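A quick write-up on the structure given underneath.
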Amino acid sequence: MFEVIPAVDIKGGKCVRLYQGRADQEKVYFENPVEVAKRWEAEGAKRIHVVDLDGAFEGIPKNIAIVEEIVKSVCVPVQFGGGVRTIEAVDRLFDVGIDRVIVGTIAVEKPELFEKMVKKYPEKIVLGIDAKGGNVTTRGWVEVTEIPAVELAKKYDEMDVWGFVYTDISRDGTLTSPNFEEVERFSKNVKKPVIASGGVSKVEDILKLSKIENVAGAIVGKALYEGKVSLKECLDKLRV
């Protein structure tokens with residue numbers, strides 16, 4: 001079943017959304033991320049996507065206490081990303097009950113360490129690939145590499161990663177619809193499942209993503225918070 005995964009992005013202890021991943025383009029939607037996660041679960045979400053934006057920018061998860069509270073407050077699995085750059089951080093996240101951990105920067109900068117994470121937690125690590133112009137970005141989307149997103153994915157596709165979260169930064173938080181062509185090109189080049197992220201602005205975007213082969217889900221953030229998309233309507237239409 002294709003998953004519609006609401007995003008709970010945490011910055012400064014609050015639930016926020018950024019525009020194109022820029023720290024200076026922040027909008028606070030809710031003071032309490034835990035209540036937001038509970039709301040999405042109540043509306044039918046089968047998984048919650050939590051991002052520690054402070055962690056992404058600073059290189060170490062900063063909001064684990066809130067994340068732990070979210071995990072304890074919902075019954076659905078929670079996946080987490082943001083500043084996961086050490087084995088100790090991965091251990092801590094699984095200790096508090098996270099279901100999947102998303103890692104990006106380390107896969108580029110320290111591949112041997114990434115491989116250790118995957119070997120220690122097979123099928124539980126997700127490779128987060130954040131792309132700009134088709135190339136991978138790192139360190140909270142701040143640094144653009146010359147590595148093509150597909151090339152990085154293929155490097156790890158044979159390992160015991162769960163799969164990939166593919167984010168088109170230019171679309172993230174813009175409500176301009178996903179880059180369907182790039183999502184399809186990416187998903188066709190890997191065997192593991194892909195979760196698409198960035199740009200969802202209407203229910204039709206999610207339905208279109210659900211028809212792309214090998215795309216297992218879509219992360220939805222701003223469209224939910226701005227009322228452009230109803231989670232219940234999405235789930236109802238996907239069941240038809």
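Letters A, B, ... go to the chains of the structure tokens in the order shown; residues in each chain start at 1; ligands are counted from 1 in the same order.
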
Task: Neighbour list for segment 157-167 of chain A as a VMD selection string, cut-off 7 Å, only C-alpha atoms, skip fewer than 2 positions in-chain - done: chain A and resid 118 122 to 131 153 to 155 169 190 to 198

May I have the residues from that selection written out with C-alpha atoms, as a tab-separated table (two decimals), in the first residue's frame?
chain	number	residue	atom	x	y	z
A	118	VAL	CA	23.76	-0.44	7.61
A	122	PRO	CA	20.05	-3.98	8.20
A	123	GLU	CA	16.81	-2.85	6.51
A	124	LYS	CA	16.43	-0.08	9.12
A	125	ILE	CA	18.64	2.62	7.58
A	126	VAL	CA	17.20	4.76	4.78
A	127	LEU	CA	19.52	6.66	2.46
A	128	GLY	CA	18.27	10.22	2.27
A	129	ILE	CA	19.18	11.76	-1.07
A	130	ASP	CA	18.53	15.48	-1.25
A	131	ALA	CA	19.07	16.70	-4.80
A	153	ALA	CA	21.83	5.63	-4.98
A	154	LYS	CA	23.25	2.91	-7.21
A	155	LYS	CA	26.36	2.73	-5.03
A	169	ILE	CA	15.11	20.70	-2.80
A	190	VAL	CA	17.22	1.60	-8.22
A	191	LYS	CA	15.79	-1.67	-6.97
A	192	LYS	CA	14.98	-0.61	-3.42
A	193	PRO	CA	11.76	1.33	-2.67
A	194	VAL	CA	11.71	5.11	-2.99
A	195	ILE	CA	9.81	7.64	-0.90
A	196	ALA	CA	9.34	10.91	-2.77
A	197	SER	CA	9.53	14.25	-0.99
A	198	GLY	CA	9.19	17.87	-2.05

TODO: Using DSSP on the backbone coordinates, identify the residues of segment 23-142 of chain A assigned to strand (DSSP E or B); present them as a PyMOL selection string.
DONE: chain A and resi 23-30+48-52+78-81+100-103+125-132+135-138

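Using only C-alpha atoms, the contacts of segment 75-77 of chain A at a cut-off of 8 Å, with sequence neighbours closer than 5 positions omitted, comprise Glu41, Ala45, Lys46, Arg47, Ile48, Ile98 and Asp99 of chain A.
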
- [ ] Pick out the residues sitting within 9 Å of segment 63-66 of chain A, and hand them over as a list in words; count only C-alpha atoms, and ignore anything fewer than 5 positions along from it in its own chain.
- [x] Ile10, Lys11, Gly12, Gly13, Pro33, Val34, Asp52, Leu53, Asp54, Gly55, Val71, Arg92, Leu93 and Val96 of chain A

Task: Point-to-point distance in Å for atom CA of Glu69 of chain A and atom CA of Thr105 of chain A - done: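 Interatomic distance, atom CA of Thr105 of chain A to atom CA of Glu69 of chain A: 25.8 Å.
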
Open item on the list: So the first atom is atom CA of Glu146 of chain A and the second is atom CA of Ile106 of chain A; what is the distance between them in Å, to one decimal place?
Closed with: 15.6 Å

Open item on the list: Just list as number ranges by chain whatever in segment 20-229 of chain A DSSP marks as alpha helix (DSSP H).
Closed with: A: 33-42, 53-58, 64-73, 87-95, 105-109, 111-120, 149-156, 180-188, 203-210, 222-225

Counting only C-alpha atoms, which residues of segment 157-186 of chain A fall within 9 Å of segment 212-220 of chain A, and what is the closest atom pair for each with its distance in Å at one decimal, ordered by chain and rising number, as a Markdown table?
| residue | atom | partner | partner_atom | distance |
| --- | --- | --- | --- | --- |
| A:Val165 | CA | A:Ile219 | CA | 8.8 |
| A:Phe180 | CA | A:Ile212 | CA | 8.6 |
| A:Val183 | CA | A:Ile212 | CA | 8.3 |
| A:Glu184 | CA | A:Ile212 | CA | 6.3 |

TODO: Compare A:Leu175, A:Leu238, A:Val101, A:Leu231 by their minimum atom-to-atom distance to Pro6 of chain A, counting only C-alpha atoms, and give me the closest one.
DONE: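 Nearest candidate to Pro6 of chain A out of A:Leu175, A:Leu238, A:Val101, A:Leu231: A:Leu231.
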
- [ ] Provide the atom CA of Tyr19 of chain A to atom CA of Asn32 of chain A distance in Å, to one decimal place.
- [x]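 Distance reported for this atom pair: 20.3 Å.
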